[in-house]
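Dropping start12.pdb in here (PDB, C-alpha atoms):
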```
ATOM      1  CA  MET K  23      73.655 109.128 135.702
ATOM      2  CA  ALA K  24      77.292 109.963 135.357
ATOM      3  CA  THR K  25      78.728 112.918 133.520
ATOM      4  CA  THR K  26      81.618 112.021 131.255
ATOM      5  CA  THR K  27      83.217 114.300 128.707
ATOM      6  CA  ALA K  28      85.615 113.728 125.848
ATOM      7  CA  ALA K  29      87.493 116.792 124.679
ATOM      8  CA  ILE K  30      89.751 117.136 121.668
ATOM      9  CA  SER K  31      92.237 119.850 120.905
ATOM     10  CA  LEU K  32      93.563 119.610 117.386
ATOM     11  CA  SER K  33      96.146 121.959 115.946
ATOM     12  CA  SER K  34      98.098 121.952 112.736
ATOM     13  CA  ASP K  35     100.363 124.370 110.961
ATOM     14  CA  ILE K  36     100.585 122.390 107.724
ATOM     15  CA  THR K  37      98.625 125.037 105.890
ATOM     16  CA  ASP K  38      99.328 128.749 105.795
ATOM     17  CA  SER K  39      96.210 129.342 107.863
ATOM     18  CA  ASN K  40      96.552 127.062 110.820
ATOM     19  CA  VAL K  41      93.907 124.567 111.854
ATOM     20  CA  SER K  42      92.895 124.940 115.484
ATOM     21  CA  VAL K  43      89.937 122.964 116.735
ATOM     22  CA  SER K  44      88.637 122.389 120.241
ATOM     23  CA  ASN K  45      85.448 120.527 121.024
ATOM     24  CA  THR K  46      83.971 118.720 123.985
ATOM     25  CA  ALA K  47      81.391 115.970 123.746
ATOM     26  CA  ASN K  48      79.228 114.724 126.570
ATOM     27  CA  LEU K  49      79.113 110.941 126.411
ATOM     28  CA  ASN K  50      75.413 110.148 126.527
ATOM     29  CA  THR K  51      73.202 107.198 125.784
ATOM     30  CA  ALA K  52      72.019 107.048 122.185
ATOM     31  CA  GLY K  53      70.116 110.170 121.187
ATOM     32  CA  THR K  54      69.597 111.477 124.703
ATOM     33  CA  THR K  55      71.151 113.852 127.199
ATOM     34  CA  THR K  56      71.445 111.074 129.754
ATOM     35  CA  GLY K  57      75.031 110.300 130.658
ATOM     36  CA  LEU K  58      76.551 106.884 130.149
ATOM     37  CA  ASN K  59      77.112 104.967 133.348
ATOM     38  CA  THR K  60      79.460 102.115 132.491
ATOM     39  CA  MET K  61      83.200 102.232 131.922
ATOM     40  CA  THR K  62      85.807  99.583 131.263
ATOM     41  CA  SER K  63      89.506 100.405 131.428
ATOM     42  CA  VAL K  64      92.061  97.797 130.418
ATOM     43  CA  THR K  65      95.779  97.509 129.806
ATOM     44  CA  LYS K  66      96.969  94.452 127.890
ATOM     45  CA  VAL K  67     100.332  93.152 126.780
ATOM     46  CA  LEU K  68     100.248  91.286 123.473
ATOM     47  CA  SER K  69     103.074  88.927 122.556
ATOM     48  CA  SER K  70     102.246  87.642 119.104
ATOM     49  CA  THR K  71     101.261  89.015 115.717
ATOM     50  CA  ASP K  72      97.939  87.154 115.764
ATOM     51  CA  ASP K  73      94.800  89.120 115.018
ATOM     52  CA  VAL K  74      92.752  88.752 118.199
ATOM     53  CA  ASP K  75      89.636  90.202 119.771
ATOM     54  CA  LEU K  76      90.320  93.325 121.781
ATOM     55  CA  ILE K  77      86.746  94.349 122.611
ATOM     56  CA  THR K  78      83.924  91.931 121.989
ATOM     57  CA  THR K  79      80.298  92.821 121.425
ATOM     58  CA  GLY K  80      79.412  90.540 124.309
ATOM     59  CA  SER K  81      81.317  92.759 126.711
ATOM     60  CA  VAL K  82      78.931  95.668 126.145
ATOM     61  CA  SER K  83      75.233  95.559 126.870
ATOM     62  CA  THR K  84      74.184  98.515 124.715
ATOM     63  CA  THR K  85      74.221  99.292 120.997
ATOM     64  CA  HIS K  86      76.035 102.600 121.369
ATOM     65  CA  ALA K  87      79.420 102.998 122.996
ATOM     66  CA  TYR K  88      82.580 105.069 122.756
ATOM     67  CA  VAL K  89      86.011 103.497 122.487
ATOM     68  CA  TYR K  90      89.395 105.011 123.288
ATOM     69  CA  ILE K  91      92.494 103.038 122.288
ATOM     70  CA  ASN K  92      96.052 104.129 122.995
ATOM     71  CA  ASN K  93      99.396 102.753 121.861
ATOM     72  CA  PRO K  94     101.745 103.943 124.626
ATOM     73  CA  SER K  95     104.884 102.663 122.892
ATOM     74  CA  THR K  96     107.681 105.146 122.355
ATOM     75  CA  ASP K  97     108.803 103.218 119.285
ATOM     76  CA  ASN K  98     107.325 104.933 116.235
ATOM     77  CA  THR K  99     107.866 101.876 114.049
ATOM     78  CA  GLU K 100     105.643  99.568 116.103
ATOM     79  CA  PHE K 101     101.937  99.655 115.447
ATOM     80  CA  PHE K 102      98.639  97.873 115.911
ATOM     81  CA  HIS K 103      96.202  97.031 113.140
ATOM     82  CA  ILE K 104      92.789  97.997 114.521
ATOM     83  CA  LYS K 105      89.899  96.319 112.749
ATOM     84  CA  ILE K 106      86.160  95.776 113.045
ATOM     85  CA  GLY K 107      85.031  92.248 112.265
ATOM     86  CA  ALA K 108      85.879  88.673 113.092
ATOM     87  CA  ALA K 109      89.386  88.017 114.391
ATOM     88  CA  LYS K 110      91.631  86.274 111.875
ATOM     89  CA  GLY K 111      93.889  84.553 114.396
ATOM     90  CA  SER K 112      97.363  83.555 113.266
ATOM     91  CA  SER K 113      96.627  83.283 109.560
ATOM     92  CA  GLY K 114      94.548  84.816 106.834
ATOM     93  CA  TYR K 115      95.279  88.445 107.608
ATOM     94  CA  ASP K 116      98.552  89.188 105.920
ATOM     95  CA  ALA K 117      97.641  87.001 102.958
ATOM     96  CA  GLU K 118      94.770  89.271 102.103
ATOM     97  CA  THR K 119      95.878  91.798  99.570
ATOM     98  CA  ILE K 120      94.378  94.877  98.063
ATOM     99  CA  GLY K 121      92.071  94.079  95.209
ATOM    100  CA  SER K 122      91.977  90.375  95.959
ATOM    101  CA  GLY K 123      88.448  90.529  97.242
ATOM    102  CA  THR K 124      89.576  89.012 100.517
ATOM    103  CA  GLU K 125      90.766  92.105 102.353
ATOM    104  CA  PRO K 126      90.484  92.059 106.129
ATOM    105  CA  ASP K 127      87.021  93.073 107.165
ATOM    106  CA  GLU K 128      87.517  96.075 107.872
ATOM    107  CA  GLU K 129      90.811  97.538 109.037
ATOM    108  CA  ILE K 130      90.119 100.989 110.393
ATOM    109  CA  GLY K 131      93.696 102.066 110.767
ATOM    110  CA  ARG K 132      97.153 101.475 112.149
ATOM    111  CA  LEU K 133      97.883 102.867 115.561
ATOM    112  CA  TYR K 134     101.580 103.696 115.744
ATOM    113  CA  GLY K 135     103.560 104.255 118.939
ATOM    114  CA  GLY K 136     102.270 107.398 120.633
ATOM    115  CA  ASP K 137      98.971 107.424 118.715
ATOM    116  CA  TRP K 138      95.461 107.235 120.138
ATOM    117  CA  MET K 139      92.009 106.949 118.625
ATOM    118  CA  PHE K 140      88.495 107.698 119.833
ATOM    119  CA  ILE K 141      85.427 106.454 117.989
ATOM    120  CA  PRO K 142      81.753 105.772 118.527
ATOM    121  CA  TRP K 143      81.020 102.045 118.251
ATOM    122  CA  ASP K 144      77.716 100.526 117.249
ATOM    123  CA  VAL K 145      78.598  97.194 118.919
ATOM    124  CA  ASP K 146      77.627  95.151 115.862
ATOM    125  CA  ASP K 147      81.032  93.539 115.410
ATOM    126  CA  ASP K 148      84.060  92.931 117.596
ATOM    127  CA  ILE K 149      87.011  95.286 117.565
ATOM    128  CA  THR K 150      90.177  93.312 116.901
ATOM    129  CA  ILE K 151      93.861  94.076 117.189
ATOM    130  CA  LYS K 152      96.985  92.750 115.491
ATOM    131  CA  PRO K 153     100.433  93.834 116.679
ATOM    132  CA  SER K 154     103.096  94.509 114.064
ATOM    133  CA  VAL K 155     105.749  92.622 116.041
ATOM    134  CA  SER K 156     105.709  89.598 118.319
ATOM    135  CA  THR K 157     107.715  91.194 121.075
ATOM    136  CA  ASP K 158     105.626  92.501 123.948
ATOM    137  CA  MET K 159     103.425  95.396 122.907
ATOM    138  CA  THR K 160     101.146  97.176 125.375
ATOM    139  CA  VAL K 161      97.739  98.507 124.433
ATOM    140  CA  GLU K 162      95.424 100.561 126.597
ATOM    141  CA  TYR K 163      91.724 100.969 125.988
ATOM    142  CA  MET K 164      88.596 102.335 127.593
ATOM    143  CA  VAL K 165      84.989 101.626 126.694
ATOM    144  CA  PHE K 166      82.161 103.920 127.776
ATOM    145  CA  SER K 167      78.667 102.508 127.381
TER     146      SER K 167
ATOM    147  CA  MET E   6     105.121 121.669 110.478
ATOM    148  CA  ALA E   7     103.396 119.764 113.194
ATOM    149  CA  THR E   8      99.949 118.406 113.782
ATOM    150  CA  THR E   9      99.004 117.461 117.312
ATOM    151  CA  ALA E  10      95.849 115.941 118.725
ATOM    152  CA  THR E  11      95.082 115.940 122.437
ATOM    153  CA  ILE E  12      92.266 113.992 124.020
ATOM    154  CA  THR E  13      91.031 114.567 127.553
ATOM    155  CA  LEU E  14      88.558 112.145 129.065
ATOM    156  CA  THR E  15      87.069 113.207 132.371
ATOM    157  CA  SER E  16      84.376 112.046 134.709
ATOM    158  CA  ALA E  17      83.852 112.754 138.357
ATOM    159  CA  ASP E  18      81.260 110.082 138.926
ATOM    160  CA  ILE E  19      81.348 107.215 136.430
ATOM    161  CA  ALA E  20      83.595 105.317 138.837
ATOM    162  CA  GLY E  21      84.393 105.405 142.512
ATOM    163  CA  ASP E  22      87.394 107.582 141.785
ATOM    164  CA  PRO E  23      87.549 110.420 139.270
ATOM    165  CA  VAL E  24      88.618 109.631 135.736
ATOM    166  CA  ASN E  25      91.062 111.998 134.102
ATOM    167  CA  VAL E  26      92.952 110.787 131.063
ATOM    168  CA  SER E  27      94.887 113.121 128.814
ATOM    169  CA  LYS E  28      97.020 112.100 125.875
ATOM    170  CA  THR E  29      98.686 114.057 123.093
ATOM    171  CA  ALA E  30      99.688 112.482 119.800
ATOM    172  CA  THR E  31     101.989 114.131 117.317
ATOM    173  CA  CYS E  32     100.801 113.016 113.904
ATOM    174  CA  THR E  33     103.735 111.612 111.963
ATOM    175  CA  LYS E  34     104.332 109.644 108.825
ATOM    176  CA  ALA E  35     104.019 105.873 109.106
ATOM    177  CA  GLY E  36     106.740 104.408 111.259
ATOM    178  CA  ALA E  37     108.683 107.657 111.359
ATOM    179  CA  THR E  38     109.157 110.785 113.405
ATOM    180  CA  THR E  39     108.599 113.015 110.382
ATOM    181  CA  ASP E  40     105.506 115.182 110.633
ATOM    182  CA  LEU E  41     102.551 114.683 108.324
ATOM    183  CA  ASP E  42     102.710 117.301 105.602
ATOM    184  CA  GLN E  43      99.359 117.269 103.797
ATOM    185  CA  THR E  44      95.813 118.072 104.852
ATOM    186  CA  THR E  45      92.397 118.764 103.435
ATOM    187  CA  GLY E  46      92.018 121.496 106.034
ATOM    188  CA  LEU E  47      88.788 121.784 107.968
ATOM    189  CA  ASN E  48      85.679 121.196 105.869
ATOM    190  CA  ARG E  49      81.969 121.558 106.560
ATOM    191  CA  VAL E  50      79.091 119.817 104.810
ATOM    192  CA  HIS E  51      75.351 119.811 105.511
ATOM    193  CA  LEU E  52      73.901 116.320 105.243
ATOM    194  CA  ARG E  53      70.338 115.606 104.215
ATOM    195  CA  SER E  54      70.676 112.137 102.770
ATOM    196  CA  THR E  55      69.672 109.010 104.651
ATOM    197  CA  THR E  56      71.838 106.941 102.331
ATOM    198  CA  ASN E  57      75.621 106.756 102.451
ATOM    199  CA  LYS E  58      77.631 109.541 100.864
ATOM    200  CA  VAL E  59      81.400 109.440 100.402
ATOM    201  CA  LEU E  60      83.057 111.861 102.778
ATOM    202  CA  LEU E  61      86.639 110.781 102.030
ATOM    203  CA  ALA E  62      87.526 108.568  99.102
ATOM    204  CA  ALA E  63      90.182 105.927  99.670
ATOM    205  CA  ASN E  64      93.322 105.953  97.626
ATOM    206  CA  ALA E  65      95.145 102.663  97.121
ATOM    207  CA  GLU E  66      98.432 104.502  97.426
ATOM    208  CA  GLY E  67      97.402 105.360 100.975
ATOM    209  CA  ASN E  68      97.997 101.779 102.070
ATOM    210  CA  ASN E  69     100.976 101.583 104.450
ATOM    211  CA  LEU E  70     100.952 105.362 104.787
ATOM    212  CA  ALA E  71      99.632 107.375 107.716
ATOM    213  CA  ALA E  72      96.348 109.256 107.649
ATOM    214  CA  LYS E  73      94.346 110.704 110.545
ATOM    215  CA  VAL E  74      90.698 111.639 110.307
ATOM    216  CA  TYR E  75      88.660 113.994 112.477
ATOM    217  CA  ILE E  76      84.862 114.118 112.132
ATOM    218  CA  ILE E  77      82.322 115.956 114.261
ATOM    219  CA  ASN E  78      78.526 116.148 114.126
ATOM    220  CA  LYS E  79      77.759 119.811 114.757
ATOM    221  CA  ALA E  80      73.999 119.339 115.159
ATOM    222  CA  GLU E  81      72.706 120.891 118.360
ATOM    223  CA  ASP E  82      69.914 118.332 118.585
ATOM    224  CA  PRO E  83      71.341 115.296 120.427
ATOM    225  CA  THR E  84      68.895 112.951 118.704
ATOM    226  CA  LEU E  85      70.238 113.692 115.223
ATOM    227  CA  TYR E  86      72.995 111.334 114.227
ATOM    228  CA  VAL E  87      75.175 110.425 111.310
ATOM    229  CA  THR E  88      76.280 106.868 110.677
ATOM    230  CA  ILE E  89      79.956 106.424 109.863
ATOM    231  CA  THR E  90      81.000 103.515 107.664
ATOM    232  CA  ILE E  91      84.239 102.317 106.110
ATOM    233  CA  ASN E  92      83.840 100.055 103.098
ATOM    234  CA  ALA E  93      80.215  99.460 104.108
ATOM    235  CA  GLN E  94      81.308  98.338 107.597
ATOM    236  CA  THR E  95      79.469 100.459 110.118
ATOM    237  CA  VAL E  96      81.810 101.887 112.721
ATOM    238  CA  GLY E  97      79.360 103.860 114.825
ATOM    239  CA  LYS E  98      76.953 106.740 115.124
ATOM    240  CA  LEU E  99      77.952 110.301 115.862
ATOM    241  CA  TYR E 100      75.118 112.023 117.699
ATOM    242  CA  GLY E 101      74.802 115.780 117.851
ATOM    243  CA  GLY E 102      77.979 117.136 119.463
ATOM    244  CA  ASP E 103      79.956 113.901 119.126
ATOM    245  CA  TRP E 104      83.366 113.709 117.458
ATOM    246  CA  MET E 105      85.806 111.002 116.443
ATOM    247  CA  PHE E 106      89.512 110.884 115.631
ATOM    248  CA  PHE E 107      91.170 107.816 114.188
ATOM    249  CA  PRO E 108      93.916 106.497 111.923
ATOM    250  CA  TRP E 109      92.754 105.466 108.444
ATOM    251  CA  SER E 110      94.561 102.630 106.691
ATOM    252  CA  GLN E 111      92.957 102.605 103.258
ATOM    253  CA  THR E 112      93.960  98.945 102.980
ATOM    254  CA  ASP E 113      91.015  98.381 100.713
ATOM    255  CA  THR E 114      90.580 100.187  97.463
ATOM    256  CA  ALA E 115      86.971 100.484  98.584
ATOM    257  CA  ALA E 116      87.813 101.765 102.063
ATOM    258  CA  ASP E 117      85.972 105.019 101.550
ATOM    259  CA  ILE E 118      84.719 106.798 104.640
ATOM    260  CA  GLU E 119      81.018 107.339 104.153
ATOM    261  CA  VAL E 120      78.401 109.188 106.148
ATOM    262  CA  ALA E 121      74.629 109.045 106.210
ATOM    263  CA  ALA E 122      72.191 111.325 107.978
ATOM    264  CA  THR E 123      70.267 108.244 108.946
ATOM    265  CA  ASN E 124      67.373 109.821 110.821
ATOM    266  CA  TRP E 125      67.182 113.003 108.799
ATOM    267  CA  THR E 126      63.779 114.143 107.625
ATOM    268  CA  SER E 127      62.666 117.312 105.927
ATOM    269  CA  SER E 128      61.491 118.566 109.304
ATOM    270  CA  THR E 129      64.729 117.930 111.209
ATOM    271  CA  GLY E 130      66.836 120.262 109.133
ATOM    272  CA  ASP E 131      70.248 119.488 107.700
ATOM    273  CA  ILE E 132      72.911 117.866 109.844
ATOM    274  CA  PRO E 133      76.158 119.870 109.723
ATOM    275  CA  VAL E 134      79.308 117.773 109.794
ATOM    276  CA  GLU E 135      82.856 119.056 109.911
ATOM    277  CA  TYR E 136      85.888 116.962 109.068
ATOM    278  CA  ALA E 137      89.593 117.125 108.382
ATOM    279  CA  LEU E 138      92.133 114.702 106.997
ATOM    280  CA  PHE E 139      95.851 114.830 107.748
ATOM    281  CA  HIS E 140      97.925 112.494 105.608
ATOM    282  CA  GLU E 141     101.106 111.702 103.745
ATOM    283  CA  ASP E 142      99.768 110.256 100.500
ATOM    284  CA  THR E 143     101.672 111.016  97.378
ATOM    285  CA  ASP E 144      98.461 111.693  95.521
ATOM    286  CA  PHE E 145      95.869 114.051  96.856
ATOM    287  CA  LEU E 146      92.700 112.311  97.896
ATOM    288  CA  THR E 147      89.554 113.104  96.025
ATOM    289  CA  ASN E 148      86.813 114.435  98.233
ATOM    290  CA  ALA E 149      83.260 113.775  97.195
TER     291      ALA E 149
END
```

The structure in this file should be written as structure tokens.
Amino acid sequence: MATTTAAISLSSDITDSNVSVSNTANLNTAGTTTGLNTMTSVTKVLSSTDDVDLITTGSVSTTHAYVYINNPSTDNTEFFHIKIGAAKGSSGYDAETIGSGTEPDEEIGRLYGGDWMFIPWDVDDDITIKPSVSTDMTVEYMVFS
Amino acid sequence: MATTATITLTSADIAGDPVNVSKTATCTKAGATTDLDQTTGLNRVHLRSTTNKVLLAANAEGNNLAAKVYIINKAEDPTLYVTITINAQTVGKLYGGDWMFFPWSQTDTAADIEVAATNWTSSTGDIPVEYALFHEDTDFLTNA
């Protein structure tokens, strides 16, 4: 089995006593010390503000995976909505407002230019993406499973 | 004041060629180059509940603002995991030693980040979890 590691180095001087965190995780199959052996690495260019599938459950054959998503844009104002749940397509997303009971199911966060995210994924629902602008936006992602 | 997060993904053998990805993000306010200026600092809790507990409570004013969340399962036993959910939507399981770092929208008033020590038993011992939130909300978030 392969050996794959994910390391994070997090530092912040917001507080008087700085936060400095470094940790390394071995990416293993669920609850074991056996390394994952499958990797997908994709770069996509999206050209509309539709909410579309980025990573589907059908693309992964396990129930435990790790997902890295990167917004390589240098424009801080452009972002991706990253969500878990069914893709909303070209309608139905922006119309859903806080407190309406019809919020998107479930937006994790907005990935602005220069931001990345790394999460475990239980592969129960698709991961979808919705660009903030319809001009070409590039997204990079990797799935380890 | 700056907050930076660097990820390094490496593997010598998961593909025919080595994998080595490194990326640093400077955590800024939404759509701006201004640094985030608020944080909970680093926190540690010991979980012993198999049902969801609120780790970070959503704040409606957080919608359209930037927030970054770091969570790590500090258990040394790789079989012990915590389940991470947002507004009851399961995101994934953090096994012992695993961490996650992600932006948090708080688009829902119910978009709390919750954790459950799903396979905890009295014989496994508590599951230590550490977390930090970096954000720009006008109101301080209430931690449960």

Next item on the list: Please write as a PyMOL selection string the full residue list that the ChimeraX specification (/E :<7) & /K yields on this file.
Entry: chain K and resi 24-36+41+47+53-55+59-61+98-100+120-121+125+128-134+136-144

Margin query: I want to know what sits within 10 Å of K:Val64, based on only C-alpha atoms, with residues of the same chain fewer than 3 positions away left out; could you give that as a PyMOL selection string?
Written below: chain K and resi 76+91+161-165

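Ranking E:Ser127, E:Ala121, E:Val87, E:Glu141 by their shortest atom-to-atom distance to E:Asn64, with all atoms listed in the file included, puts E:Glu141 first.
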
Margin query: Which residues are close to K:Ile106, i.e. within 7 Å by only C-alpha atoms, leaving aside same-chain residues fewer than 5 positions away? Reply as a PyMOL selection string.
Written below: chain K and resi 127-129+147-150

Check: Written as a ChimeraX atom specification, which residues does the PyMOL selection byres ((chain K and resi 157) around 10) give for the file shown?
Finding: /K:67-71,100,153-156,158-160

Could you write out that same residue set with C-alpha atoms as a CSV table (one decimal), keeping the file's coordinate frame?
```
chain,number,residue,atom,x,y,z
K,67,VAL,CA,100.3,93.2,126.8
K,68,LEU,CA,100.2,91.3,123.5
K,69,SER,CA,103.1,88.9,122.6
K,70,SER,CA,102.2,87.6,119.1
K,71,THR,CA,101.3,89.0,115.7
K,100,GLU,CA,105.6,99.6,116.1
K,153,PRO,CA,100.4,93.8,116.7
K,154,SER,CA,103.1,94.5,114.1
K,155,VAL,CA,105.7,92.6,116.0
K,156,SER,CA,105.7,89.6,118.3
K,158,ASP,CA,105.6,92.5,123.9
K,159,MET,CA,103.4,95.4,122.9
K,160,THR,CA,101.1,97.2,125.4
```

Item checked: Straight-line distance linking atom CA of K:Gly107 with atom CA of K:Asn93, stated in Å to one decimal ->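 Atom-to-atom, atom CA of K:Gly107 to atom CA of K:Asn93, that is 20.2 Å.
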
Checklist line | Between atom CA of K:Thr62 and atom CA of K:Asn48 - distance in Å to one decimal | finding: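 Taking atom CA of K:Asn48 as the start and atom CA of K:Thr62 as the end point, the length is 17.2 Å.
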
Checklist line | Atom-to-atom span, atom CA of E:Asn78 and atom CA of E:Glu135, Å | finding: 6.7 Å

Next item on the list: Between K:Leu58, K:Ser63, K:Gly111, K:Thr37, single out the one closest to K:Asp75, counting only C-alpha atoms.
Entry: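 Among the listed residues, K:Gly111 lies closest to K:Asp75.
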
Stretch 44-61 of chain E rebuilt with N, CA and C atoms, output as a PDB file, in the coordinates of the input:
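Generated file (rebuild_15.pdb):
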```pdb
ATOM      1  N   THR E  44      97.117 118.055 104.185  1.00  0.00           N
ATOM      2  CA  THR E  44      95.813 118.072 104.852  1.00  0.00           C
ATOM      3  C   THR E  44      94.752 118.607 103.909  1.00  0.00           C
ATOM      4  N   THR E  45      93.537 118.179 104.160  1.00  0.00           N
ATOM      5  CA  THR E  45      92.397 118.764 103.435  1.00  0.00           C
ATOM      6  C   THR E  45      92.000 120.088 104.057  1.00  0.00           C
ATOM      7  N   GLY E  46      92.525 120.375 105.257  1.00  0.00           N
ATOM      8  CA  GLY E  46      92.018 121.496 106.034  1.00  0.00           C
ATOM      9  C   GLY E  46      90.674 121.108 106.644  1.00  0.00           C
ATOM     10  N   LEU E  47      90.078 122.046 107.328  1.00  0.00           N
ATOM     11  CA  LEU E  47      88.788 121.784 107.968  1.00  0.00           C
ATOM     12  C   LEU E  47      87.662 122.058 106.971  1.00  0.00           C
ATOM     13  N   ASN E  48      86.787 121.091 106.836  1.00  0.00           N
ATOM     14  CA  ASN E  48      85.679 121.196 105.869  1.00  0.00           C
ATOM     15  C   ASN E  48      84.348 121.112 106.610  1.00  0.00           C
ATOM     16  N   ARG E  49      83.312 121.652 105.978  1.00  0.00           N
ATOM     17  CA  ARG E  49      81.969 121.558 106.560  1.00  0.00           C
ATOM     18  C   ARG E  49      80.987 121.196 105.453  1.00  0.00           C
ATOM     19  N   VAL E  50      80.158 120.203 105.731  1.00  0.00           N
ATOM     20  CA  VAL E  50      79.091 119.817 104.810  1.00  0.00           C
ATOM     21  C   VAL E  50      77.789 119.752 105.598  1.00  0.00           C
ATOM     22  N   HIS E  51      76.669 119.937 104.887  1.00  0.00           N
ATOM     23  CA  HIS E  51      75.351 119.811 105.511  1.00  0.00           C
ATOM     24  C   HIS E  51      74.673 118.588 104.917  1.00  0.00           C
ATOM     25  N   LEU E  52      74.424 117.594 105.739  1.00  0.00           N
ATOM     26  CA  LEU E  52      73.901 116.320 105.243  1.00  0.00           C
ATOM     27  C   LEU E  52      72.379 116.309 105.302  1.00  0.00           C
ATOM     28  N   ARG E  53      71.792 115.776 104.243  1.00  0.00           N
ATOM     29  CA  ARG E  53      70.338 115.606 104.215  1.00  0.00           C
ATOM     30  C   ARG E  53      69.984 114.335 103.468  1.00  0.00           C
ATOM     31  N   SER E  54      70.921 113.403 103.445  1.00  0.00           N
ATOM     32  CA  SER E  54      70.676 112.137 102.770  1.00  0.00           C
ATOM     33  C   SER E  54      70.708 111.010 103.787  1.00  0.00           C
ATOM     34  N   THR E  55      69.698 110.151 103.734  1.00  0.00           N
ATOM     35  CA  THR E  55      69.672 109.010 104.651  1.00  0.00           C
ATOM     36  C   THR E  55      70.485 107.843 104.099  1.00  0.00           C
ATOM     37  N   THR E  56      70.977 107.983 102.889  1.00  0.00           N
ATOM     38  CA  THR E  56      71.838 106.941 102.331  1.00  0.00           C
ATOM     39  C   THR E  56      73.291 107.404 102.380  1.00  0.00           C
ATOM     40  N   ASN E  57      74.200 106.451 102.302  1.00  0.00           N
ATOM     41  CA  ASN E  57      75.621 106.756 102.451  1.00  0.00           C
ATOM     42  C   ASN E  57      76.135 107.689 101.349  1.00  0.00           C
ATOM     43  N   LYS E  58      76.927 108.663 101.781  1.00  0.00           N
ATOM     44  CA  LYS E  58      77.631 109.541 100.864  1.00  0.00           C
ATOM     45  C   LYS E  58      79.118 109.469 101.199  1.00  0.00           C
ATOM     46  N   VAL E  59      79.955 109.504 100.179  1.00  0.00           N
ATOM     47  CA  VAL E  59      81.400 109.440 100.402  1.00  0.00           C
ATOM     48  C   VAL E  59      81.883 110.764 100.990  1.00  0.00           C
ATOM     49  N   LEU E  60      82.462 110.669 102.165  1.00  0.00           N
ATOM     50  CA  LEU E  60      83.057 111.861 102.778  1.00  0.00           C
ATOM     51  C   LEU E  60      84.523 111.967 102.365  1.00  0.00           C
ATOM     52  N   LEU E  61      85.234 110.837 102.449  1.00  0.00           N
ATOM     53  CA  LEU E  61      86.639 110.781 102.030  1.00  0.00           C
ATOM     54  C   LEU E  61      86.840 109.521 101.204  1.00  0.00           C
TER      55      LEU E  61
END
```
